[in-house]
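Asks: Input structure: upload.cif, which contains mmCIF, C-alpha atoms (C1' of nucleotides).
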data_run
#
loop_
_atom_site.group_PDB
_atom_site.id
_atom_site.type_symbol
_atom_site.label_atom_id
_atom_site.label_comp_id
_atom_site.auth_asym_id
_atom_site.auth_seq_id
_atom_site.Cartn_x
_atom_site.Cartn_y
_atom_site.Cartn_z
ATOM 1 C CA MET A 1 164.299 -101.523 -31.368
ATOM 2 C CA CYS A 2 160.720 -101.007 -32.392
ATOM 3 C CA GLY A 3 158.127 -102.772 -34.431
ATOM 4 C CA ARG A 4 158.995 -106.110 -32.902
ATOM 5 C CA GLY A 5 156.547 -108.914 -33.133
ATOM 6 C CA TRP A 6 156.863 -109.952 -29.520
ATOM 7 C CA VAL A 7 157.610 -108.543 -26.143
ATOM 8 C CA VAL A 8 161.210 -108.898 -25.052
ATOM 9 C CA GLY A 9 162.077 -109.140 -21.400
ATOM 10 C CA GLY A 10 160.224 -110.281 -18.362
ATOM 11 C CA MET A 11 157.196 -108.949 -16.633
ATOM 12 C CA PRO A 12 157.597 -105.293 -15.802
ATOM 13 C CA GLU A 13 158.826 -105.245 -12.238
ATOM 14 C CA LEU A 14 161.105 -102.708 -10.604
ATOM 15 C CA PRO A 15 164.197 -103.465 -12.747
ATOM 16 C CA ASP A 16 162.249 -103.337 -15.986
ATOM 17 C CA VAL A 17 160.545 -100.087 -15.054
ATOM 18 C CA GLU A 18 163.953 -98.689 -14.196
ATOM 19 C CA GLY A 19 164.910 -99.602 -17.755
ATOM 20 C CA PHE A 20 161.845 -97.787 -19.097
ATOM 21 C CA ARG A 21 162.888 -94.782 -17.033
ATOM 22 C CA ARG A 22 166.142 -94.677 -18.953
ATOM 23 C CA VAL A 23 164.231 -94.915 -22.226
ATOM 24 C CA ALA A 24 161.916 -92.067 -21.236
ATOM 25 C CA GLN A 25 164.969 -90.082 -20.187
ATOM 26 C CA ARG A 26 165.762 -89.641 -23.876
ATOM 27 C CA ALA A 27 162.814 -87.281 -24.089
ATOM 28 C CA GLY A 28 164.133 -85.213 -21.160
ATOM 29 C CA GLY A 29 164.163 -81.501 -21.988
ATOM 30 C CA ARG A 30 162.382 -82.153 -25.279
ATOM 31 C CA GLN A 31 159.130 -80.569 -26.342
ATOM 32 C CA VAL A 32 156.099 -82.690 -27.125
ATOM 33 C CA ARG A 33 155.111 -81.842 -30.680
ATOM 34 C CA SER A 34 152.006 -84.000 -30.595
ATOM 35 C CA VAL A 35 150.492 -86.999 -28.873
ATOM 36 C CA ARG A 36 148.960 -89.799 -30.882
ATOM 37 C CA VAL A 37 146.472 -91.958 -29.009
ATOM 38 C CA CYS A 38 146.124 -95.191 -30.971
ATOM 39 C CA ASP A 39 144.059 -96.871 -28.273
ATOM 40 C CA ALA A 40 142.255 -94.687 -25.744
ATOM 41 C CA GLN A 41 141.622 -97.733 -23.562
ATOM 42 C CA VAL A 42 145.046 -97.370 -21.953
ATOM 43 C CA LEU A 43 144.248 -93.836 -20.793
ATOM 44 C CA ARG A 44 142.981 -94.019 -17.210
ATOM 45 C CA GLY A 45 140.797 -91.314 -15.765
ATOM 46 C CA VAL A 46 141.368 -89.026 -18.727
ATOM 47 C CA GLY A 47 140.044 -88.806 -22.253
ATOM 48 C CA SER A 48 142.059 -88.644 -25.450
ATOM 49 C CA GLY A 49 141.350 -84.992 -26.108
ATOM 50 C CA GLU A 50 142.296 -83.749 -22.676
ATOM 51 C CA PHE A 51 145.398 -85.934 -22.585
ATOM 52 C CA GLN A 52 146.631 -84.623 -25.921
ATOM 53 C CA GLU A 53 145.833 -80.999 -25.169
ATOM 54 C CA ALA A 54 147.381 -81.086 -21.701
ATOM 55 C CA LEU A 55 150.710 -82.389 -22.991
ATOM 56 C CA ARG A 56 151.098 -80.735 -26.355
ATOM 57 C CA ARG A 57 153.972 -78.236 -26.407
ATOM 58 C CA ARG A 58 155.026 -79.192 -22.858
ATOM 59 C CA TYR A 59 158.629 -80.185 -22.154
ATOM 60 C CA PHE A 60 159.272 -83.633 -20.660
ATOM 61 C CA GLN A 61 161.466 -83.469 -17.576
ATOM 62 C CA ALA A 62 163.552 -86.141 -15.848
ATOM 63 C CA PRO A 63 161.341 -89.182 -15.176
ATOM 64 C CA TRP A 64 161.405 -90.809 -11.767
ATOM 65 C CA ARG A 65 160.262 -94.183 -10.526
ATOM 66 C CA TRP A 66 158.400 -95.319 -7.439
ATOM 67 C CA GLY A 67 157.935 -99.062 -7.243
ATOM 68 C CA LYS A 68 156.514 -100.133 -10.582
ATOM 69 C CA TRP A 69 155.262 -96.644 -11.392
ATOM 70 C CA LEU A 70 157.021 -94.164 -13.633
ATOM 71 C CA VAL A 71 156.340 -90.449 -13.314
ATOM 72 C CA ILE A 72 157.183 -87.989 -16.086
ATOM 73 C CA PRO A 73 156.762 -84.390 -14.988
ATOM 74 C CA THR A 74 156.507 -81.646 -17.587
ATOM 75 C CA SER A 75 157.228 -77.953 -17.644
ATOM 76 C CA GLY A 76 156.720 -75.004 -19.953
ATOM 77 C CA ALA A 77 160.419 -74.660 -20.767
ATOM 78 C CA PRO A 78 163.227 -77.109 -21.656
ATOM 79 C CA ASN A 79 164.836 -76.865 -18.229
ATOM 80 C CA GLY A 80 161.883 -75.616 -16.285
ATOM 81 C CA GLY A 81 162.109 -78.179 -13.526
ATOM 82 C CA PRO A 82 159.542 -80.809 -12.613
ATOM 83 C CA GLY A 83 155.935 -79.731 -12.839
ATOM 84 C CA THR A 84 152.460 -80.670 -13.957
ATOM 85 C CA PRO A 85 150.723 -81.975 -15.856
ATOM 86 C CA ALA A 86 152.669 -85.169 -15.319
ATOM 87 C CA VAL A 87 152.277 -88.555 -16.964
ATOM 88 C CA LEU A 88 152.087 -91.542 -14.603
ATOM 89 C CA ALA A 89 152.774 -94.827 -16.323
ATOM 90 C CA HIS A 90 152.157 -98.363 -15.124
ATOM 91 C CA PHE A 91 153.166 -101.283 -17.312
ATOM 92 C CA GLY A 92 150.953 -104.084 -16.077
ATOM 93 C CA MET A 93 152.183 -107.414 -17.389
ATOM 94 C CA THR A 94 153.232 -106.583 -20.911
ATOM 95 C CA GLY A 95 153.821 -102.842 -21.117
ATOM 96 C CA SER A 96 156.989 -101.043 -22.144
ATOM 97 C CA PHE A 97 158.391 -97.731 -23.290
ATOM 98 C CA GLU A 98 160.272 -97.708 -26.552
ATOM 99 C CA TRP A 99 162.249 -94.982 -28.217
ATOM 100 C CA CYS A 100 161.903 -95.045 -32.001
ATOM 101 C CA ARG A 101 163.006 -93.020 -34.991
ATOM 102 C CA HIS A 102 160.345 -91.237 -36.975
ATOM 103 C CA GLY A 103 158.700 -93.141 -39.742
ATOM 104 C CA GLY A 104 159.174 -96.609 -38.306
ATOM 105 C CA ASP A 105 156.414 -99.158 -38.554
ATOM 106 C CA VAL A 106 153.714 -98.705 -35.960
ATOM 107 C CA HIS A 107 153.095 -101.972 -34.173
ATOM 108 C CA PRO A 108 149.475 -102.860 -33.345
ATOM 109 C CA HIS A 109 150.399 -102.851 -29.677
ATOM 110 C CA ASP A 110 151.760 -99.300 -29.745
ATOM 111 C CA ARG A 111 148.963 -97.613 -27.816
ATOM 112 C CA VAL A 112 150.227 -94.049 -27.329
ATOM 113 C CA VAL A 113 152.992 -92.235 -29.220
ATOM 114 C CA PHE A 114 154.632 -89.042 -27.942
ATOM 115 C CA ASP A 115 156.215 -87.176 -30.800
ATOM 116 C CA PHE A 116 159.445 -85.200 -30.258
ATOM 117 C CA ALA A 117 161.809 -83.627 -32.787
ATOM 118 C CA PRO A 118 164.547 -86.266 -32.297
ATOM 119 C CA GLY A 119 162.216 -89.286 -32.195
ATOM 120 C CA GLU A 120 159.153 -90.900 -30.675
ATOM 121 C CA LEU A 121 158.470 -92.311 -27.252
ATOM 122 C CA ARG A 122 155.982 -95.155 -27.565
ATOM 123 C CA TYR A 123 153.874 -96.720 -24.829
ATOM 124 C CA HIS A 124 153.600 -100.291 -26.038
ATOM 125 C CA ASP A 125 151.335 -102.856 -24.381
ATOM 126 C CA MET A 126 149.859 -106.093 -25.667
ATOM 127 C CA ARG A 127 147.396 -106.679 -22.858
ATOM 128 C CA LYS A 128 145.928 -103.503 -21.533
ATOM 129 C CA LEU A 129 145.742 -104.310 -17.858
ATOM 130 C CA THR A 130 146.988 -100.926 -16.689
ATOM 131 C CA GLY A 131 147.959 -97.739 -18.536
ATOM 132 C CA LEU A 132 148.694 -94.032 -18.445
ATOM 133 C CA HIS A 133 147.318 -91.539 -15.943
ATOM 134 C CA LEU A 134 147.420 -87.751 -16.101
ATOM 135 C CA ALA A 135 148.209 -85.764 -12.968
ATOM 136 C CA ARG A 136 146.848 -82.281 -13.537
ATOM 137 C CA GLN A 137 148.081 -80.805 -10.252
ATOM 138 C CA PRO A 138 151.131 -81.696 -8.125
ATOM 139 C CA GLY A 139 148.833 -83.094 -5.447
ATOM 140 C CA GLU A 140 147.442 -85.605 -7.916
ATOM 141 C CA VAL A 141 150.808 -87.305 -8.269
ATOM 142 C CA ASP A 142 150.899 -87.897 -4.534
ATOM 143 C CA GLU A 143 147.299 -89.048 -4.559
ATOM 144 C CA LEU A 144 147.928 -91.654 -7.210
ATOM 145 C CA LEU A 145 150.983 -92.986 -5.380
ATOM 146 C CA ALA A 146 149.572 -92.596 -1.877
ATOM 147 C CA GLU A 147 148.880 -96.291 -1.293
ATOM 148 C CA LEU A 148 152.407 -97.387 -2.120
ATOM 149 C CA GLY A 149 154.933 -98.428 0.479
ATOM 150 C CA PRO A 150 158.587 -97.386 0.275
ATOM 151 C CA ASP A 151 160.478 -98.196 -2.892
ATOM 152 C CA ALA A 152 162.219 -101.559 -2.657
ATOM 153 C CA GLN A 153 165.481 -100.169 -3.994
ATOM 154 C CA ARG A 154 165.722 -97.370 -1.461
ATOM 155 C CA VAL A 155 164.133 -98.735 1.711
ATOM 156 C CA GLY A 156 166.418 -99.122 4.721
ATOM 157 C CA VAL A 157 166.762 -102.407 6.590
ATOM 158 C CA GLU A 158 164.950 -101.120 9.647
ATOM 159 C CA GLU A 159 161.848 -99.904 7.853
ATOM 160 C CA PHE A 160 161.907 -103.019 5.677
ATOM 161 C CA GLY A 161 161.761 -105.302 8.705
ATOM 162 C CA GLU A 162 159.222 -103.178 10.489
ATOM 163 C CA ARG A 163 156.784 -103.056 7.583
ATOM 164 C CA LEU A 164 157.145 -106.701 6.666
ATOM 165 C CA THR A 165 156.445 -107.995 10.153
ATOM 166 C CA ARG A 166 153.639 -105.555 10.764
ATOM 167 C CA THR A 167 151.422 -107.938 8.820
ATOM 168 C CA ARG A 168 150.655 -111.571 9.742
ATOM 169 C CA ARG A 169 150.867 -113.229 6.407
ATOM 170 C CA GLY A 170 153.005 -115.510 4.336
ATOM 171 C CA THR A 171 156.263 -113.828 3.421
ATOM 172 C CA LYS A 172 155.602 -113.957 -0.312
ATOM 173 C CA ALA A 173 152.217 -112.283 0.023
ATOM 174 C CA ALA A 174 153.732 -109.549 2.174
ATOM 175 C CA LEU A 175 156.684 -108.901 -0.158
ATOM 176 C CA MET A 176 154.391 -108.597 -3.160
ATOM 177 C CA ASP A 177 151.951 -106.258 -1.438
ATOM 178 C CA GLN A 178 152.698 -102.883 -3.020
ATOM 179 C CA SER A 179 151.409 -101.052 0.033
ATOM 180 C CA VAL A 180 153.989 -102.836 2.187
ATOM 181 C CA LEU A 181 156.862 -102.479 -0.242
ATOM 182 C CA ALA A 182 156.711 -101.065 -3.776
ATOM 183 C CA GLY A 183 158.438 -102.720 -6.692
ATOM 184 C CA LEU A 184 158.607 -106.487 -6.274
ATOM 185 C CA GLY A 185 156.429 -108.702 -8.450
ATOM 186 C CA ASN A 186 156.041 -112.429 -8.787
ATOM 187 C CA ILE A 187 159.407 -113.143 -10.398
ATOM 188 C CA CYS A 188 161.547 -110.930 -8.158
ATOM 189 C CA THR A 189 159.806 -112.234 -5.072
ATOM 190 C CA ASP A 190 160.426 -115.894 -5.910
ATOM 191 C CA GLU A 191 164.045 -115.047 -6.670
ATOM 192 C CA LEU A 192 164.474 -113.210 -3.386
ATOM 193 C CA LEU A 193 162.853 -115.903 -1.246
ATOM 194 C CA TRP A 194 165.068 -118.510 -2.848
ATOM 195 C CA ARG A 195 168.226 -116.475 -2.266
ATOM 196 C CA ALA A 196 167.339 -115.853 1.362
ATOM 197 C CA ARG A 197 166.252 -119.490 1.804
ATOM 198 C CA VAL A 198 162.808 -118.542 3.052
ATOM 199 C CA HIS A 199 159.741 -120.636 2.234
ATOM 200 C CA PRO A 200 157.111 -118.561 0.374
ATOM 201 C CA ASN A 201 154.482 -119.371 2.984
ATOM 202 C CA ARG A 202 156.598 -118.787 6.078
ATOM 203 C CA ALA A 203 154.627 -116.428 8.300
ATOM 204 C CA THR A 204 156.341 -113.036 8.498
ATOM 205 C CA THR A 205 156.020 -113.315 12.258
ATOM 206 C CA LYS A 206 158.392 -116.273 12.107
ATOM 207 C CA LEU A 207 161.141 -114.299 10.399
ATOM 208 C CA SER A 208 164.096 -113.761 12.719
ATOM 209 C CA ALA A 209 166.099 -110.554 12.792
ATOM 210 C CA ASP A 210 168.774 -112.401 10.817
ATOM 211 C CA ASP A 211 166.206 -113.532 8.245
ATOM 212 C CA LEU A 212 165.019 -109.964 7.785
ATOM 213 C CA GLU A 213 168.533 -108.661 7.423
ATOM 214 C CA LEU A 214 169.346 -111.360 4.890
ATOM 215 C CA LEU A 215 166.162 -110.708 2.917
ATOM 216 C CA HIS A 216 166.978 -107.016 2.793
ATOM 217 C CA GLN A 217 170.576 -107.631 1.775
ATOM 218 C CA GLU A 218 169.655 -110.144 -0.927
ATOM 219 C CA MET A 219 166.966 -107.827 -2.199
ATOM 220 C CA ARG A 220 169.516 -105.043 -2.598
ATOM 221 C CA VAL A 221 171.959 -107.269 -4.462
ATOM 222 C CA MET A 222 169.295 -108.775 -6.695
ATOM 223 C CA LEU A 223 167.817 -105.399 -7.599
ATOM 224 C CA ARG A 224 171.233 -103.877 -8.209
ATOM 225 C CA ASP A 225 172.172 -106.664 -10.623
ATOM 226 C CA ALA A 226 168.785 -106.706 -12.333
ATOM 227 C CA VAL A 227 168.664 -102.927 -12.688
ATOM 228 C CA ARG A 228 172.137 -103.007 -14.186
ATOM 229 C CA ALA A 229 170.841 -105.504 -16.755
ATOM 230 C CA GLY A 230 167.671 -103.462 -17.333
ATOM 231 C CA ARG A 231 165.543 -106.514 -16.539
ATOM 232 C CA VAL A 232 165.514 -109.608 -14.372
ATOM 233 C CA PRO A 233 168.281 -111.640 -16.039
ATOM 234 C CA ASP A 234 167.416 -114.944 -17.643
ATOM 235 C CA ASP A 235 170.577 -116.403 -16.155
ATOM 236 C CA ALA A 236 171.148 -120.021 -15.147
ATOM 237 C CA SER A 237 172.539 -118.979 -11.761
ATOM 238 C CA TRP A 238 169.263 -117.251 -10.976
ATOM 239 C CA LEU A 239 166.191 -119.189 -9.970
ATOM 240 C CA THR A 240 164.330 -117.141 -12.560
ATOM 241 C CA GLY A 241 166.482 -118.660 -15.292
ATOM 242 C CA HIS A 242 164.806 -122.017 -14.696
ATOM 243 C CA ARG A 243 161.205 -120.894 -14.623
ATOM 244 C CA ASP A 244 160.190 -122.260 -17.956
ATOM 245 C CA GLU A 245 162.269 -125.417 -18.052
ATOM 246 C CA PRO A 246 160.533 -128.784 -18.178
ATOM 247 C CA ASP A 247 162.856 -130.325 -15.583
ATOM 248 C CA GLN A 248 163.256 -127.560 -13.044
ATOM 249 C CA ARG A 249 166.161 -128.042 -10.672
ATOM 250 C CA CYS A 250 167.590 -125.810 -7.979
ATOM 251 C CA PRO A 251 170.700 -123.991 -9.270
ATOM 252 C CA ARG A 252 172.197 -124.388 -5.785
ATOM 253 C CA CYS A 253 171.502 -127.990 -4.799
ATOM 254 C CA SER A 254 169.949 -129.619 -7.893
ATOM 255 C CA THR A 255 166.856 -130.688 -5.988
ATOM 256 C CA ALA A 256 163.731 -130.777 -8.137
ATOM 257 C CA LEU A 257 161.986 -127.450 -7.700
ATOM 258 C CA ARG A 258 158.396 -127.289 -6.592
ATOM 259 C CA ARG A 259 155.655 -125.292 -8.194
ATOM 260 C CA THR A 260 152.682 -124.159 -6.133
ATOM 261 C CA ARG A 261 150.232 -121.304 -6.076
ATOM 262 C CA VAL A 262 150.481 -118.433 -3.630
ATOM 263 C CA GLY A 263 147.899 -115.698 -3.825
ATOM 264 C CA GLY A 264 146.876 -116.979 -7.230
ATOM 265 C CA ARG A 265 150.428 -116.677 -8.619
ATOM 266 C CA GLY A 266 152.626 -119.422 -9.929
ATOM 267 C CA THR A 267 155.333 -119.898 -7.343
ATOM 268 C CA LEU A 268 158.670 -121.650 -7.849
ATOM 269 C CA TRP A 269 160.725 -122.725 -4.851
ATOM 270 C CA CYS A 270 163.235 -125.280 -3.641
ATOM 271 C CA PRO A 271 161.944 -127.696 -0.984
ATOM 272 C CA ALA A 272 165.490 -128.415 0.204
ATOM 273 C CA CYS A 273 166.818 -124.847 0.447
ATOM 274 C CA GLN A 274 163.766 -122.915 1.580
ATOM 275 C CA SER A 275 162.491 -123.676 5.061
ATOM 276 C CA ASP A 276 159.090 -122.979 6.512
ATOM 277 C "C1'" DA B 277 137.349 -125.196 -31.186
ATOM 278 C "C1'" DT B 278 137.484 -124.711 -26.525
ATOM 279 C "C1'" DG B 279 139.685 -124.259 -22.353
ATOM 280 C "C1'" DT B 280 143.776 -123.292 -19.567
ATOM 281 C "C1'" DC B 281 147.577 -120.615 -18.482
ATOM 282 C "C1'" DT B 282 150.267 -116.340 -17.877
ATOM 283 C "C1'" DG B 283 150.917 -111.904 -13.719
ATOM 284 C "C1'" DT B 284 149.139 -106.875 -12.055
ATOM 285 C "C1'" DT B 285 145.770 -104.223 -10.007
ATOM 286 C "C1'" DT B 286 141.305 -103.504 -8.145
ATOM 287 C "C1'" DC B 287 137.183 -105.018 -6.276
ATOM 288 C "C1'" DC B 288 134.385 -108.297 -4.055
ATOM 289 C "C1'" DT B 289 133.098 -111.918 -0.610
ATOM 290 C "C1'" DA B 290 134.059 -115.205 3.188
ATOM 291 C "C1'" DG C 291 143.183 -108.288 9.192
ATOM 292 C "C1'" DT C 292 143.576 -111.838 5.886
ATOM 293 C "C1'" DA C 293 142.604 -115.143 2.182
ATOM 294 C "C1'" DG C 294 140.606 -116.246 -1.890
ATOM 295 C "C1'" DG C 295 138.407 -115.447 -6.220
ATOM 296 C "C1'" DA C 296 137.048 -112.799 -10.295
ATOM 297 C "C1'" DA C 297 137.404 -109.400 -13.768
ATOM 298 C "C1'" DA C 298 140.074 -106.599 -16.890
ATOM 299 C "C1'" DC C 299 143.146 -107.932 -21.105
ATOM 300 C "C1'" DA C 300 145.497 -110.671 -25.450
ATOM 301 C "C1'" DG C 301 147.915 -114.293 -26.900
ATOM 302 C "C1'" DA C 302 150.348 -118.955 -26.586
ATOM 303 C "C1'" DC C 303 149.464 -123.464 -26.166
ATOM 304 C "C1'" DA C 304 147.277 -128.279 -25.980
#
Let's see the structure in the file written out as structure tokens.

Replies:
Amino acid sequence: MCGRGWVVGGMPELPDVEGFRRVAQRAGGRQVRSVRVCDAQVLRGVGSGEFQEALRRRYFQAPWRWGKWLVIPTSGAPNGGPGTPAVLAHFGMTGSFEWCRHGGDVHPHDRVVFDFAPGELRYHDMRKLTGLHLARQPGEVDELLAELGPDAQRVGVEEFGERLTRTRRGTKAALMDQSVLAGLGNICTDELLWRARVHPNRATTKLSADDLELLHQEMRVMLRDAVRAGRVPDDASWLTGHRDEPDQRCPRCSTALRRTRVGGRGTLWCPACQSD
DNA sequence: ATGTCTGTTTCCTA
DNA sequence: GTAGGAAACAGACA
């Protein structure tokens, strides 16, 4: 489970972060014995010393997720309820949480290790595009998450439609905007647009009420299935399963898929299924 | 060897 | 308001 030479799984989007939440859950109610900072570069807005001191001897509480962010509150007692300081984790493109036994090999990409009596929780990240934040007061958690829209897994159809059409952009750009909706990344968004048969560049203003309802419904189903798998499945029935194939064909109609760029991101879509 | 590509966030300019 | 680009980062690949 640890010390791997490569990163398993897709880019950390909502389903992956939900998986990391379950990993971090193993430290729930456990006391931090020490914090090892192997690479201080992943600490954001806090230095090594303060980070270590603030968390040492605190008890990790149940982690919760908002979009692609994971929040781990701490308290002064095993079941003291959520409190601060809290750790806020973002996983960028290549981050993960791993639970390891003591004494395992430390991988060069293990950046921060939280030591507990039953094992270690490791923040692992090859590229260091994002990292770990420390919320010293309860208000700081809200501050750090203030710009985020509603979580994609919990948002209702009405708010979903309202927020998406509030902006005049291509649908893909709007879905990926974390301040509109929190949790979808490049892979999930392509998958969703394909399932709902919406062209990535269709203006959100041209989405009908039926389109919005379908997008919301497909988003729920996709996230449910992906969360169950702990990642976006690399399955042939999913568009995502064909991302890296040389001859990319639509799993639904076998049309050759098209690859374009939207907002600087590689975008995969079916010219026959997805209408503008 | 050098350049291109990958996807997330933040910041900048048009 | 929106679009586009760049930087941050490390590695795979041609």

Asks: Evaluating the PyMOL selection byres ((chain B) within 9 of (chain A)) on the displayed file yields which residues, as a VMD selection string?

Replies: chain B and resid 282 to 285

Asks: Select residues of chain C: the criterion is any atom within 8 Å of an atom of chain A, counting only C-alpha atoms (C1' of nucleotides); output as a PyMOL selection string.

Replies: chain C and resi 292+294+298-300

Asks: Using only C-alpha atoms (C1' of nucleotides), please write the residues we just selected to a file, as a compact mmCIF listing (two decimals), keeping the file's coordinate frame.

Replies:
# COMPACT_ATOMS: atom_id res chain seq x y z
C1' DT C 292 143.58 -111.84 5.89
C1' DG C 294 140.61 -116.25 -1.89
C1' DA C 298 140.07 -106.60 -16.89
C1' DC C 299 143.15 -107.93 -21.10
C1' DA C 300 145.50 -110.67 -25.45

Asks: Kindly resolve the PyMOL selection byres ((chain A and resi 59) around 7) on the present coordinates and return the residues as number ranges by chain.

Replies: A: 29-32, 57-58, 60-61, 74-78

Asks: Convert the current residue selection to file output with C-alpha atoms, as a PDB file, in the frame of the given file.

Replies:
ATOM      1  CA  GLY A  29     164.163 -81.501 -21.988  1.00  0.00           C
ATOM      2  CA  ARG A  30     162.382 -82.153 -25.279  1.00  0.00           C
ATOM      3  CA  GLN A  31     159.130 -80.569 -26.342  1.00  0.00           C
ATOM      4  CA  VAL A  32     156.099 -82.690 -27.125  1.00  0.00           C
ATOM      5  CA  ARG A  57     153.972 -78.236 -26.407  1.00  0.00           C
ATOM      6  CA  ARG A  58     155.026 -79.192 -22.858  1.00  0.00           C
ATOM      7  CA  PHE A  60     159.272 -83.633 -20.660  1.00  0.00           C
ATOM      8  CA  GLN A  61     161.466 -83.469 -17.576  1.00  0.00           C
ATOM      9  CA  THR A  74     156.507 -81.646 -17.587  1.00  0.00           C
ATOM     10  CA  SER A  75     157.228 -77.953 -17.644  1.00  0.00           C
ATOM     11  CA  GLY A  76     156.720 -75.004 -19.953  1.00  0.00           C
ATOM     12  CA  ALA A  77     160.419 -74.660 -20.767  1.00  0.00           C
ATOM     13  CA  PRO A  78     163.227 -77.109 -21.656  1.00  0.00           C
TER      14      PRO A  78
END

Asks: Figure out the distance between atom CA of Thr267 of chain A and atom C1' of DG279 of chain B, please, to one decimal in Å.

Replies: 22.1 Å

Asks: Which residue out of A:Leu257, A:Ala27, A:Val87, A:Leu193 has the minimum interatomic distance to Met222 of chain A when only C-alpha atoms are used?

Replies: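 Going through A:Leu257, A:Ala27, A:Val87, A:Leu193 one by one, the smallest distance to Met222 of chain A is for A:Leu193.
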
Asks: Using all atoms listed in the file, which of A:His133, A:His242, A:Arg163, A:Arg220 sits nearest Pro73 of chain A?

Replies: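 With all atoms listed in the file as the atom set, the closest residue is A:His133.
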
Asks: Pick out the closest residue to Phe97 of chain A from this set: A:Gln25, A:Gln52, A:Ser275, A:Thr240. Count only C-alpha atoms.

Replies: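 Between A:Gln25, A:Gln52, A:Ser275, A:Thr240, the residue approaching Phe97 of chain A most closely is A:Gln25.
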
Asks: Report the residues retrieved by the PyMOL selection byres ((chain B and resi 288) around 9) from the displayed file, expressed as a short mmCIF file (atom, residue, chain, number, x, y, z; two decimals) with C-alpha atoms (C1' of nucleotides), in the frame of the given file.

Replies:
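Output below, filename selection33.cif:
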data_model
loop_
_atom_site.label_atom_id
_atom_site.label_comp_id
_atom_site.auth_asym_id
_atom_site.auth_seq_id
_atom_site.Cartn_x
_atom_site.Cartn_y
_atom_site.Cartn_z
"C1'" DC B 287 137.18 -105.02 -6.28
"C1'" DT B 289 133.10 -111.92 -0.61
"C1'" DG C 295 138.41 -115.45 -6.22
"C1'" DA C 296 137.05 -112.80 -10.30
#

Asks: Could you write out as lines of an AutoDock Vina configuration file the box around chain C (axis-aligned, all atoms listed in the file, 8 Å on each side), with centre and edge lengths in Å to one decimal?

Replies:
center_x = 143.7
center_y = -117.4
center_z = -8.9
size_x = 29.3
size_y = 37.7
size_z = 52.1

Asks: Determine the nearest neighbour of DA293 of chain C from the options A:His124, A:Ala173, A:Leu43, A:Pro251, counting all atoms listed in the file.

Replies: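 Ranking A:His124, A:Ala173, A:Leu43, A:Pro251 by distance to DA293 of chain C, first place goes to A:Ala173.
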
Asks: What is the distance between atom CA of Gly170 of chain A and atom CA of Thr204 of chain A, in Å to one decimal?

Replies: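 So the answer is 5.9 Å.
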
Asks: Between atom CA of Val17 of chain A and atom CA of Ala236 of chain A, what distance in Å does the model show, to one decimal?

Replies: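 Interatomic distance, atom CA of Val17 of chain A to atom CA of Ala236 of chain A: 22.6 Å.
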
Asks: Just the residues within 12 Å of Gly139 of chain A, please, counting only C-alpha atoms (C1' of nucleotides), with nothing from its chain fewer than 6 positions along; format it as a PyMOL selection string.

Replies: chain A and resi 83-86+145-146
